[in-house]
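As stored in coords.txt (compact mmCIF, C-alpha atoms):
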# COMPACT_ATOMS: atom_id res chain seq x y z
CA MET L 1164 14.50 -60.13 4.04
CA GLU L 1165 17.90 -60.49 2.38
CA LEU L 1166 21.09 -59.49 4.20
CA HIS L 1167 21.66 -56.53 1.91
CA ASP L 1168 18.22 -55.23 2.92
CA VAL L 1169 19.15 -55.71 6.58
CA TRP L 1170 22.32 -53.69 6.10
CA PHE L 1171 20.45 -50.92 4.32
CA VAL L 1172 18.26 -50.67 7.43
CA LEU L 1173 21.28 -50.80 9.77
CA ILE L 1174 23.03 -48.02 7.85
CA ALA L 1175 19.85 -45.95 8.10
CA VAL L 1176 19.86 -46.55 11.87
CA LEU L 1177 23.51 -45.46 12.12
CA TRP L 1178 22.82 -42.23 10.23
CA THR L 1179 19.79 -41.64 12.43
CA GLY L 1180 21.90 -42.02 15.56
CA TYR L 1181 24.57 -39.73 14.13
CA PHE L 1182 22.18 -36.94 13.19
CA PHE L 1183 20.28 -37.24 16.50
CA LEU L 1184 23.46 -36.97 18.60
CA GLU L 1185 25.82 -34.93 16.45
CA GLY L 1186 22.86 -32.76 15.45
CA PHE L 1187 22.54 -31.15 18.86
CA ASP L 1188 26.28 -30.64 19.29
CA PHE L 1189 26.46 -29.02 15.83
CA GLY L 1190 23.63 -26.84 17.07
CA VAL L 1191 25.46 -25.98 20.28
CA GLY L 1192 28.54 -25.07 18.24
CA VAL L 1193 26.42 -22.64 16.20
CA LEU L 1194 24.94 -21.23 19.42
CA THR L 1195 28.37 -20.21 20.69
CA ARG L 1196 27.87 -17.12 18.50
CA LEU L 1197 24.07 -16.88 18.30
CA LEU L 1198 23.28 -17.32 21.99
CA ALA L 1199 26.36 -16.80 24.18
CA ARG L 1200 27.08 -13.19 25.13
CA ASN L 1201 30.54 -13.57 26.62
CA ARG L 1202 33.41 -16.01 27.09
CA PRO L 1203 32.04 -17.69 30.26
CA GLU L 1204 28.75 -18.43 28.48
CA ARG L 1205 30.59 -19.83 25.46
CA ARG L 1206 32.53 -21.98 27.89
CA VAL L 1207 29.24 -23.24 29.38
CA LEU L 1208 27.95 -24.18 25.93
CA ILE L 1209 31.16 -25.98 25.04
CA ASN L 1210 31.11 -27.81 28.37
CA THR L 1211 27.59 -29.13 27.75
CA ILE L 1212 28.91 -31.20 24.84
CA GLY L 1213 32.54 -31.53 25.96
CA PRO L 1214 32.21 -35.06 27.40
CA VAL L 1215 30.14 -36.45 24.52
CA TRP L 1216 30.95 -34.80 21.17
CA ASP L 1217 33.72 -37.26 20.24
CA GLY L 1218 31.53 -40.24 21.17
CA ASN L 1219 28.79 -38.87 18.92
CA GLU L 1220 31.17 -39.04 15.95
CA VAL L 1221 31.55 -42.79 16.45
CA TRP L 1222 28.19 -43.09 14.69
CA LEU L 1223 29.60 -41.36 11.62
CA LEU L 1224 32.64 -43.65 11.55
CA SER L 1225 30.37 -46.66 11.91
CA ALA L 1226 28.02 -45.46 9.14
CA GLY L 1227 30.93 -44.80 6.78
CA GLY L 1228 32.61 -48.10 7.60
CA ALA L 1229 29.38 -50.05 7.21
CA THR L 1230 28.73 -48.44 3.82
CA PHE L 1231 32.26 -49.27 2.66
CA ALA L 1232 31.97 -52.91 3.72
CA ALA L 1233 28.31 -53.63 2.89
CA PHE L 1234 27.88 -51.51 -0.26
CA PRO L 1235 31.31 -50.85 -1.81
CA GLU L 1236 29.84 -49.57 -5.10
CA TRP L 1237 27.73 -47.05 -3.21
CA TYR L 1238 30.72 -45.96 -1.15
CA ALA L 1239 32.95 -45.57 -4.22
CA THR L 1240 30.44 -43.54 -6.22
CA LEU L 1241 29.42 -41.41 -3.26
CA PHE L 1242 32.89 -40.50 -2.05
CA SER L 1243 34.31 -39.90 -5.51
CA GLY L 1244 31.33 -37.86 -6.75
CA PHE L 1245 30.89 -35.86 -3.54
CA TYR L 1246 34.63 -35.60 -2.91
CA LEU L 1247 34.96 -31.84 -2.29
CA PRO L 1248 31.88 -31.39 -0.03
CA LEU L 1249 32.79 -34.48 2.01
CA LEU L 1250 36.42 -33.33 2.24
CA LEU L 1251 35.22 -29.97 3.57
CA ILE L 1252 33.08 -31.76 6.15
CA LEU L 1253 36.08 -33.86 7.20
CA VAL L 1254 38.33 -30.79 7.55
CA CYS L 1255 35.64 -29.05 9.60
CA LEU L 1256 35.28 -32.03 11.93
CA ILE L 1257 39.05 -32.12 12.46
CA VAL L 1258 39.36 -28.39 13.11
CA ARG L 1259 36.31 -28.45 15.35
CA GLY L 1260 37.77 -31.24 17.45
CA VAL L 1261 41.07 -29.41 17.76
CA GLY L 1262 39.14 -26.29 18.78
CA PHE L 1263 37.44 -28.12 21.65
CA GLU L 1264 40.76 -29.46 22.91
CA TYR L 1265 43.00 -26.43 22.35
CA ARG L 1266 40.76 -23.46 23.14
CA ALA L 1267 41.61 -23.49 26.86
CA LYS L 1268 45.30 -24.38 26.46
CA ARG L 1269 46.32 -20.70 26.52
CA PRO L 1270 44.74 -17.78 28.44
CA GLU L 1271 45.10 -15.10 25.74
CA GLU L 1272 41.76 -13.68 24.60
CA LYS L 1273 42.74 -13.69 20.91
CA TRP L 1274 43.74 -17.37 21.07
CA GLN L 1275 40.44 -18.42 22.63
CA ARG L 1276 38.38 -16.14 20.37
CA ASN L 1277 39.94 -17.62 17.22
CA TRP L 1278 39.19 -21.18 18.34
CA GLU L 1279 35.64 -20.18 19.25
CA TRP L 1280 35.12 -18.85 15.72
CA ALA L 1281 36.58 -22.10 14.37
CA ILE L 1282 34.10 -24.11 16.46
CA PHE L 1283 31.23 -21.94 15.16
CA TRP L 1284 32.06 -22.20 11.46
CA CYS L 1285 33.09 -25.85 11.67
CA SER L 1286 29.72 -26.65 13.26
CA LEU L 1287 27.66 -24.56 10.85
CA LEU L 1288 29.21 -25.80 7.58
CA PRO L 1289 28.84 -29.58 8.23
CA ALA L 1290 25.28 -29.04 9.50
CA PHE L 1291 24.48 -27.44 6.13
CA LEU L 1292 26.54 -29.74 3.90
CA TRP L 1293 25.09 -32.97 5.30
CA GLY L 1294 21.68 -31.81 4.15
CA VAL L 1295 23.07 -30.98 0.72
CA ALA L 1296 24.69 -34.43 0.48
CA PHE L 1297 21.59 -36.38 1.49
CA GLY L 1298 19.40 -34.21 -0.69
CA ASN L 1299 21.45 -35.29 -3.69
CA ILE L 1300 21.50 -38.94 -2.62
CA VAL L 1301 17.71 -39.06 -2.39
CA HIS L 1302 16.87 -36.88 -5.39
CA GLY L 1303 19.43 -38.55 -7.65
CA VAL L 1304 22.62 -37.47 -9.44
CA LYS L 1305 24.26 -38.01 -12.81
CA ILE L 1306 25.50 -41.63 -12.73
CA ASP L 1307 26.52 -43.37 -15.95
CA ARG L 1308 26.32 -47.02 -16.98
CA ASN L 1309 29.60 -47.73 -15.13
CA PHE L 1310 28.09 -46.47 -11.85
CA GLU L 1311 30.36 -43.43 -11.88
CA TYR L 1312 29.31 -39.88 -11.07
CA VAL L 1313 29.72 -37.75 -14.20
CA GLY L 1314 28.27 -34.46 -12.96
CA GLY L 1315 30.14 -31.43 -11.70
CA LEU L 1316 30.39 -29.68 -8.34
CA ALA L 1317 27.72 -27.13 -9.34
CA ASP L 1318 25.24 -29.96 -10.00
CA LEU L 1319 25.31 -30.84 -6.30
CA PHE L 1320 24.04 -27.40 -5.29
CA ASN L 1321 20.61 -27.64 -6.90
CA PRO L 1322 17.48 -26.11 -5.30
CA TYR L 1323 16.33 -29.35 -3.64
CA ALA L 1324 19.76 -30.01 -2.12
CA LEU L 1325 20.13 -26.41 -0.94
CA LEU L 1326 16.74 -26.66 0.75
CA GLY L 1327 17.92 -29.88 2.38
CA GLY L 1328 20.98 -28.04 3.68
CA ALA L 1329 18.83 -25.24 5.08
CA VAL L 1330 16.61 -27.82 6.82
CA THR L 1331 19.48 -29.69 8.50
CA LEU L 1332 21.10 -26.42 9.58
CA THR L 1333 17.94 -25.01 11.15
CA LEU L 1334 16.78 -28.35 12.56
CA PHE L 1335 20.15 -29.09 14.18
CA THR L 1336 20.33 -25.55 15.58
CA PHE L 1337 16.81 -25.91 17.01
CA HIS L 1338 17.82 -29.30 18.45
CA GLY L 1339 20.86 -27.60 19.98
CA THR L 1340 18.82 -24.82 21.59
CA VAL L 1341 16.52 -27.39 23.18
CA PHE L 1342 19.54 -29.36 24.40
CA THR L 1343 21.04 -26.15 25.83
CA ALA L 1344 17.81 -25.37 27.66
CA LEU L 1345 17.85 -28.92 29.04
CA LYS L 1346 21.49 -28.79 30.17
CA THR L 1347 21.92 -25.28 31.59
CA VAL L 1348 20.65 -23.08 34.41
CA GLY L 1349 20.06 -19.38 34.81
CA ASP L 1350 19.78 -16.72 32.17
CA ILE L 1351 21.35 -18.77 29.40
CA ARG L 1352 18.66 -21.42 29.85
CA THR L 1353 15.91 -18.79 29.54
CA ARG L 1354 17.45 -17.28 26.42
CA ALA L 1355 17.88 -20.74 24.87
CA ARG L 1356 14.13 -21.36 25.25
CA THR L 1357 13.37 -17.95 23.74
CA LEU L 1358 15.63 -18.62 20.77
CA ALA L 1359 14.06 -22.06 20.30
CA LEU L 1360 10.61 -20.47 20.13
CA ARG L 1361 11.82 -18.03 17.48
CA LEU L 1362 13.72 -20.59 15.44
CA GLY L 1363 11.05 -23.30 15.70
CA PRO L 1364 8.50 -21.84 13.26
CA VAL L 1365 11.21 -21.29 10.62
CA THR L 1366 12.34 -24.88 11.07
CA VAL L 1367 8.77 -26.15 10.74
CA VAL L 1368 8.21 -24.31 7.45
CA LEU L 1369 11.52 -25.38 5.88
CA ALA L 1370 11.30 -29.00 7.07
CA PHE L 1371 7.69 -29.38 5.95
CA GLY L 1372 8.50 -27.99 2.50
CA PHE L 1373 11.49 -30.29 2.07
CA LEU L 1374 9.72 -33.43 3.26
CA VAL L 1375 6.63 -32.75 1.13
CA TRP L 1376 8.89 -32.22 -1.90
CA THR L 1377 10.58 -35.55 -1.12
CA GLN L 1378 7.23 -37.30 -0.77
CA LEU L 1379 5.98 -35.96 -4.09
CA HIS L 1380 9.21 -36.92 -5.84
CA SER L 1381 9.78 -40.47 -4.62
CA GLY L 1382 7.63 -41.22 -1.59
CA ASP L 1383 5.20 -44.02 -0.85
CA GLY L 1384 2.81 -44.93 1.95
CA ALA L 1385 5.54 -45.75 4.48
CA SER L 1386 7.43 -42.52 3.83
CA LEU L 1387 4.17 -40.57 4.20
CA VAL L 1388 3.72 -42.04 7.69
CA ALA L 1389 7.27 -40.97 8.57
CA LEU L 1390 6.53 -37.47 7.23
CA VAL L 1391 3.47 -37.16 9.46
CA VAL L 1392 5.42 -38.38 12.51
CA ALA L 1393 8.21 -35.87 11.83
CA ALA L 1394 5.77 -32.98 11.41
CA VAL L 1395 3.76 -33.81 14.54
CA ALA L 1396 6.91 -34.33 16.63
CA LEU L 1397 8.44 -31.02 15.53
CA VAL L 1398 5.29 -29.08 16.36
CA GLY L 1399 5.12 -31.00 19.64
CA ALA L 1400 8.71 -30.05 20.46
CA LEU L 1401 7.86 -26.40 19.88
CA GLY L 1402 4.85 -26.71 22.17
CA ALA L 1403 6.87 -28.49 24.86
CA ILE L 1404 9.60 -25.84 24.92
CA TRP L 1405 6.88 -23.16 25.18
CA ARG L 1406 5.52 -24.98 28.25
CA VAL L 1407 9.07 -25.24 29.71
CA ARG L 1408 9.14 -29.02 29.34
CA GLU L 1409 12.70 -29.26 28.04
CA GLY L 1410 13.01 -33.03 28.42
CA TRP L 1411 9.91 -33.64 26.31
CA ALA L 1412 11.03 -31.00 23.81
CA PHE L 1413 14.42 -32.68 23.38
CA ALA L 1414 12.85 -36.12 22.97
CA LEU L 1415 10.39 -34.80 20.38
CA SER L 1416 13.03 -32.90 18.41
CA GLY L 1417 15.04 -36.12 18.37
CA ILE L 1418 12.00 -38.02 17.10
CA THR L 1419 11.68 -35.38 14.37
CA ILE L 1420 15.23 -36.07 13.21
CA ALA L 1421 14.74 -39.83 13.38
CA ALA L 1422 11.47 -39.72 11.44
CA ALA L 1423 12.93 -37.37 8.81
CA VAL L 1424 15.95 -39.64 8.24
CA ALA L 1425 13.63 -42.66 8.11
CA MET L 1426 11.53 -40.91 5.48
CA LEU L 1427 14.60 -40.20 3.33
CA PHE L 1428 15.72 -43.83 3.43
CA LEU L 1429 12.20 -45.15 2.87
CA SER L 1430 11.79 -42.97 -0.20
CA LEU L 1431 15.22 -44.07 -1.41
CA PHE L 1432 14.79 -47.87 -1.08
CA PRO L 1433 15.54 -50.09 -2.99
CA ASN L 1434 17.94 -47.58 -4.54
CA VAL L 1435 20.95 -46.39 -2.64
CA MET L 1436 21.89 -43.73 -5.20
CA PRO L 1437 19.47 -43.05 -8.07
CA SER L 1438 20.72 -42.00 -11.50
CA THR L 1439 19.06 -39.02 -13.15
CA LEU L 1440 20.46 -40.10 -16.55
CA ASP L 1441 18.83 -43.53 -16.72
CA ALA L 1442 16.93 -45.42 -14.02
CA ASP L 1443 18.67 -48.64 -15.08
CA TRP L 1444 22.00 -47.10 -14.09
CA SER L 1445 20.92 -46.44 -10.52
CA LEU L 1446 22.79 -48.07 -7.66
CA THR L 1447 20.53 -50.40 -5.67
CA VAL L 1448 20.83 -52.58 -2.60
CA THR L 1449 21.36 -55.49 -4.98
CA ASN L 1450 23.93 -54.28 -7.49
CA ALA L 1451 25.93 -52.21 -4.96
CA SER L 1452 26.24 -54.78 -2.16
CA SER L 1453 29.06 -57.04 -1.06
CA SER L 1454 28.91 -60.83 -1.21
CA PRO L 1455 26.48 -62.69 1.09
CA TYR L 1456 29.42 -64.17 2.99
CA THR L 1457 30.86 -60.71 3.72
CA LEU L 1458 27.47 -59.47 4.91
CA LYS L 1459 27.06 -62.53 7.13
CA ILE L 1460 30.42 -61.93 8.88
CA MET L 1461 29.58 -58.23 9.29
CA THR L 1462 26.22 -59.10 10.84
CA TRP L 1463 27.81 -61.25 13.53
CA CYS L 1464 30.35 -58.50 14.31
CA ALA L 1465 27.58 -55.92 14.58
CA VAL L 1466 25.49 -58.12 16.88
CA ILE L 1467 28.42 -58.38 19.31
CA ALA L 1468 29.91 -54.88 19.13
CA ALA L 1469 26.94 -52.54 18.68
CA PRO L 1470 25.23 -53.21 22.07
CA LEU L 1471 28.52 -52.66 23.92
CA VAL L 1472 29.13 -49.31 22.21
CA MET L 1473 25.58 -48.13 22.90
CA LEU L 1474 25.75 -49.18 26.56
CA TYR L 1475 29.02 -47.32 27.06
CA GLN L 1476 27.67 -44.19 25.38
CA ALA L 1477 24.46 -44.31 27.42
CA TRP L 1478 26.56 -44.57 30.58
CA THR L 1479 28.55 -41.48 29.51
CA TYR L 1480 25.38 -39.44 29.10
CA TRP L 1481 24.14 -40.64 32.50
CA VAL L 1482 27.36 -39.61 34.26
CA PHE L 1483 27.29 -36.12 32.73
CA ARG L 1484 23.53 -35.60 33.05
CA LYS L 1485 23.49 -32.59 35.43
CA ARG L 1486 22.84 -28.99 34.41
CA ILE L 1487 25.64 -26.43 34.41
CA GLY L 1488 25.88 -22.63 34.41
CA THR L 1489 28.43 -19.84 34.53
CA GLN L 1490 28.75 -20.34 38.29
CA HIS L 1491 30.33 -23.73 37.58
CA ILE L 1492 33.08 -22.22 35.42
CA ALA L 1493 36.31 -21.53 37.32
CA GLU L 1494 37.44 -17.89 37.16
CA ALA L 1495 40.77 -18.95 35.63
CA ALA L 1496 38.91 -20.53 32.72
CA HIS L 1497 37.24 -17.21 31.86

Conversion result in structure tokens:
Amino acid sequence: MELHDVWFVLIAVLWTGYFFLEGFDFGVGVLTRLLARNRPERRVLINTIGPVWDGNEVWLLSAGGATFAAFPEWYATLFSGFYLPLLLILVCLIVRGVGFEYRAKRPEEKWQRNWEWAIFWCSLLPAFLWGVAFGNIVHGVKIDRNFEYVGGLADLFNPYALLGGAVTLTLFTFHGTVFTALKTVGDIRTRARTLALRLGPVTVVLAFGFLVWTQLHSGDGASLVALVVAAVALVGALGAIWRVREGWAFALSGITIAAAVAMLFLSLFPNVMPSTLDADWSLTVTNASSSPYTLKIMTWCAVIAAPLVMLYQAWTYWVFRKRIGTQHIAEAAH
């Protein structure tokens, strides 16, 4: 296996980690309006992800940085062609982070309500737009002989990409409800399980349709295996939450996300960004990669740094592993 193939796999792993971790905190952000009934309950939801949301975004920074260094042509075409959707995602991530930090800085109800709405919308929009972006990456876009995107903004919102956005939004929200059921106590935990059971079947239908479409368009034997794993895990997560096995449900919903991302990258390889104008103009792991020397240096850096980051993040989750409820929220914070 060549180094550019190794880095394609590593980037896939980074995106998998990002969607697994950031997926549930996007979902929790959406639940601040779908599940919480009052300010203390919204505070509980925010507190479940408060210690970890910024660490989850490290995976996005790593994925973006790895793409820039390992596949500069891919990075250039992607970020120039998808400029407006990616800019909107960036703005949402900034506003969302500010909302987490500033919501409790003042006691006025209007101040806190406005930041809560900001957290909701800035969780919902990225959850949808990431699906749109990856739908276009896998399905292909208008790339010319100079490896430049020549389509318009409307071209990015095609039926396949919109279905991809609907899948990531519902799947992340389902993942968030399972995480909420795992991390809370009392009535909010019961209602999170109920919402998961209602949202689960919708997620199954949308995800199955999107993955089958992907398989028929560009899949192979390996991607078919990933599709089956994703489907079985998602149904298993729904069954586990019905049996009040929240830990198993969370693990299985995470496996669903991992298998779905794996399927997208398996169906994409050896391309990194297919061209719908001419297959010869597609960006591949070969024509989009950096020099072998650059990839070698990056590999050594990744071998040293990645285990340390993962150990630290695992320790963070272990420290903040206990369940919380409204009884743990100080009256002044209400």

Kindly assemble as CSV a list of the segment 1181-1242 of chain L residues that lie within 8 Å of segment 1419-1440 of chain L, each paired with its nearest atom pair and their distance in Å to one decimal, using all atoms listed in the file, sorted first by chain and then by ascending residue number.
residue,atom,partner,partner_atom,distance
L:Phe1182,CA,L:Ile1420,CA,7.0
L:Phe1183,CA,L:Ile1420,CA,6.1
L:Trp1237,CA,L:Val1435,CA,6.8

task: Quick one: pull the distance between atom CA of Ile1306 of chain L and atom CA of Leu1249 of chain L, Å, one decimal.
output: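 The value is 17.9 Å.
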
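Nearest to Leu1224 of chain L of all the residues L:Val1304, L:Ile1209, L:Leu1177, L:Ser1452 is L:Leu1177, counting only C-alpha atoms.
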
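Using all atoms listed in the file, the nearest neighbour of Arg1308 of chain L within the list L:Leu1446, L:Leu1292, L:Ile1467, L:Leu1369 is L:Leu1446.
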
Using the file's own x, y and z axes, what box holds all listed atoms of segment 1450-1461 of chain L with 8 Å on each side, keeping edges along x, y and z, and what are its centre and edge lengths in Å to one decimal, as AutoDock Vina command-line options?
--center_x 27.4 --center_y -58.2 --center_z 0.9 --size_x 22.9 --size_y 28.0 --size_z 32.8

From the list L:Ala1400, L:Leu1474, L:Ile1282, L:Val1395, the nearest residue to Leu1362 of chain L using only C-alpha atoms is L:Ala1400

For a cutoff of 9 Å around the file-coordinate point (30.0, -52.4, 3.8), which residues qualify once you count all atoms listed in the file? I'd like the result as a VMD selection string.
chain L and resid 1170 1226 to 1235 1238 1452 to 1453 1457 to 1458 1461

Exercise. For segment 1255-1266 of chain L, please output as a PyMOL selection string all residues within 7 Å (counting all atoms listed in the file; exclusion window: fewer than 6 positions along the same chain).
Key: chain L and resi 1275+1278+1281-1282+1285+1289

What's the 12 Å shell around Leu1326 of chain L, counting only C-alpha atoms, without same-chain residues fewer than 5 positions away, as a compact mmCIF listing (two decimals) with C-alpha atoms, in the coordinates of the input?
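Saved as result.txt:
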# COMPACT_ATOMS: atom_id res chain seq x y z
CA PHE L 1291 24.48 -27.44 6.13
CA LEU L 1292 26.54 -29.74 3.90
CA TRP L 1293 25.09 -32.97 5.30
CA GLY L 1294 21.68 -31.81 4.15
CA VAL L 1295 23.07 -30.98 0.72
CA ALA L 1296 24.69 -34.43 0.48
CA PHE L 1297 21.59 -36.38 1.49
CA GLY L 1298 19.40 -34.21 -0.69
CA ASN L 1299 21.45 -35.29 -3.69
CA HIS L 1302 16.87 -36.88 -5.39
CA LEU L 1319 25.31 -30.84 -6.30
CA PHE L 1320 24.04 -27.40 -5.29
CA ASN L 1321 20.61 -27.64 -6.90
CA THR L 1331 19.48 -29.69 8.50
CA LEU L 1332 21.10 -26.42 9.58
CA THR L 1333 17.94 -25.01 11.15
CA LEU L 1334 16.78 -28.35 12.56
CA THR L 1366 12.34 -24.88 11.07
CA VAL L 1368 8.21 -24.31 7.45
CA LEU L 1369 11.52 -25.38 5.88
CA ALA L 1370 11.30 -29.00 7.07
CA PHE L 1371 7.69 -29.38 5.95
CA GLY L 1372 8.50 -27.99 2.50
CA PHE L 1373 11.49 -30.29 2.07
CA LEU L 1374 9.72 -33.43 3.26
CA VAL L 1375 6.63 -32.75 1.13
CA TRP L 1376 8.89 -32.22 -1.90
CA THR L 1377 10.58 -35.55 -1.12

Near segment 1345-1347 of chain L, counting all atoms listed in the file, which residues have an atom at most 7 Å away, once you skip same-chain residues fewer than 3 positions from it, shown as an MDAnalysis selection string?
chainID L and resid 1211 1341:1342 1351:1352 1409:1410 1485:1488

Query raised in the report: Expressed in Å to a single decimal, how great is the separation between atom CA of Pro1470 of chain L and atom CA of Tyr1456 of chain L?
Result: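 So the two atoms, atom CA of Pro1470 of chain L and atom CA of Tyr1456 of chain L, lie 22.4 Å apart.
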
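The space separating atom CA of Ser1454 of chain L from atom CA of Gly1382 of chain L comes to 28.9 Å.
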
Among L:Thr1357, L:Asn1219, L:Thr1343, L:Ser1416, Tyr1475 of chain L is approached most closely, using all atoms listed in the file, by L:Asn1219

Just checking: using all atoms listed in the file, which residue out of L:Val1215, L:Val1391, L:Leu1241, L:Leu1358 ends up closest to Asp1188 of chain L?
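Ranking L:Val1215, L:Val1391, L:Leu1241, L:Leu1358 by distance to Asp1188 of chain L, first place goes to L:Val1215.
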
Looking at all atoms listed in the file, which of L:Gly1192, L:Gly1363, L:Pro1270, L:Pro1248 is the one that sits closest to Gly1328 of chain L?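 The shortest atom-to-atom distance to Gly1328 of chain L comes from L:Pro1248.
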
| message | Distance cut-off 6 Å, centre (12.9, -26.5, 26.4) in file coordinates, counting all atoms listed in the file: which residues qualify? Return them as a list in words. | response |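 Selection result: Val1341, Ala1344, Arg1356, Ile1404, Val1407, Arg1408, Glu1409 and Ala1412 of chain L.
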
**Q.** All residues 10 Å or closer to Ile1492 of chain L, only C-alpha atoms, same chain fewer than 5 positions away omitted, as a ChimeraX atom specification
**A.** /L:1203-1204,1206-1207,1210,1487,1497

Please reconstruct the missing atoms of segment 1318-1337 of chain L (target: N, CA and C atoms) and return them as an mmCIF file, keeping the file's coordinate frame.
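Output file out_26.cif follows:
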data_model
loop_
_atom_site.group_PDB
_atom_site.id
_atom_site.type_symbol
_atom_site.label_atom_id
_atom_site.label_comp_id
_atom_site.auth_asym_id
_atom_site.auth_seq_id
_atom_site.Cartn_x
_atom_site.Cartn_y
_atom_site.Cartn_z
ATOM 1 N N ASP L 1318 26.461 -29.135 -9.946
ATOM 2 C CA ASP L 1318 25.240 -29.960 -10.000
ATOM 3 C C ASP L 1318 24.755 -30.366 -8.610
ATOM 4 N N LEU L 1319 25.684 -30.413 -7.645
ATOM 5 C CA LEU L 1319 25.310 -30.840 -6.300
ATOM 6 C C LEU L 1319 24.551 -29.753 -5.546
ATOM 7 N N PHE L 1320 24.685 -28.505 -5.993
ATOM 8 C CA PHE L 1320 24.040 -27.400 -5.290
ATOM 9 C C PHE L 1320 22.793 -26.948 -6.056
ATOM 10 N N ASN L 1321 21.891 -27.897 -6.252
ATOM 11 C CA ASN L 1321 20.610 -27.640 -6.900
ATOM 12 C C ASN L 1321 19.593 -27.186 -5.854
ATOM 13 N N PRO L 1322 18.446 -26.656 -6.270
ATOM 14 C CA PRO L 1322 17.480 -26.110 -5.300
ATOM 15 C C PRO L 1322 17.025 -27.113 -4.231
ATOM 16 N N TYR L 1323 16.777 -28.360 -4.617
ATOM 17 C CA TYR L 1323 16.330 -29.350 -3.640
ATOM 18 C C TYR L 1323 17.408 -29.608 -2.594
ATOM 19 N N ALA L 1324 18.665 -29.756 -3.044
ATOM 20 C CA ALA L 1324 19.760 -30.010 -2.120
ATOM 21 C C ALA L 1324 20.016 -28.811 -1.211
ATOM 22 N N LEU L 1325 19.929 -27.606 -1.758
ATOM 23 C CA LEU L 1325 20.130 -26.410 -0.940
ATOM 24 C C LEU L 1325 19.034 -26.288 0.120
ATOM 25 N N LEU L 1326 17.801 -26.646 -0.246
ATOM 26 C CA LEU L 1326 16.740 -26.660 0.750
ATOM 27 C C LEU L 1326 17.025 -27.699 1.824
ATOM 28 N N GLY L 1327 17.534 -28.867 1.408
ATOM 29 C CA GLY L 1327 17.920 -29.880 2.380
ATOM 30 C C GLY L 1327 18.981 -29.373 3.343
ATOM 31 N N GLY L 1328 19.957 -28.617 2.823
ATOM 32 C CA GLY L 1328 20.980 -28.040 3.680
ATOM 33 C C GLY L 1328 20.407 -27.040 4.668
ATOM 34 N N ALA L 1329 19.468 -26.208 4.193
ATOM 35 C CA ALA L 1329 18.830 -25.240 5.080
ATOM 36 C C ALA L 1329 18.036 -25.945 6.178
ATOM 37 N N VAL L 1330 17.400 -27.069 5.829
ATOM 38 C CA VAL L 1330 16.610 -27.820 6.820
ATOM 39 C C VAL L 1330 17.516 -28.423 7.893
ATOM 40 N N THR L 1331 18.601 -29.094 7.488
ATOM 41 C CA THR L 1331 19.480 -29.690 8.500
ATOM 42 C C THR L 1331 20.120 -28.627 9.379
ATOM 43 N N LEU L 1332 20.485 -27.487 8.787
ATOM 44 C CA LEU L 1332 21.100 -26.420 9.580
ATOM 45 C C LEU L 1332 20.119 -25.873 10.617
ATOM 46 N N THR L 1333 18.904 -25.559 10.202
ATOM 47 C CA THR L 1333 17.940 -25.010 11.150
ATOM 48 C C THR L 1333 17.449 -26.060 12.147
ATOM 49 N N LEU L 1334 17.259 -27.294 11.667
ATOM 50 C CA LEU L 1334 16.780 -28.350 12.560
ATOM 51 C C LEU L 1334 17.828 -28.691 13.608
ATOM 52 N N PHE L 1335 19.094 -28.804 13.211
ATOM 53 C CA PHE L 1335 20.150 -29.090 14.180
ATOM 54 C C PHE L 1335 20.320 -27.938 15.165
ATOM 55 N N THR L 1336 20.200 -26.694 14.674
ATOM 56 C CA THR L 1336 20.330 -25.550 15.580
ATOM 57 C C THR L 1336 19.175 -25.521 16.571
ATOM 58 N N PHE L 1337 17.956 -25.807 16.097
ATOM 59 C CA PHE L 1337 16.810 -25.910 17.010
ATOM 60 C C PHE L 1337 17.039 -27.016 18.027
#
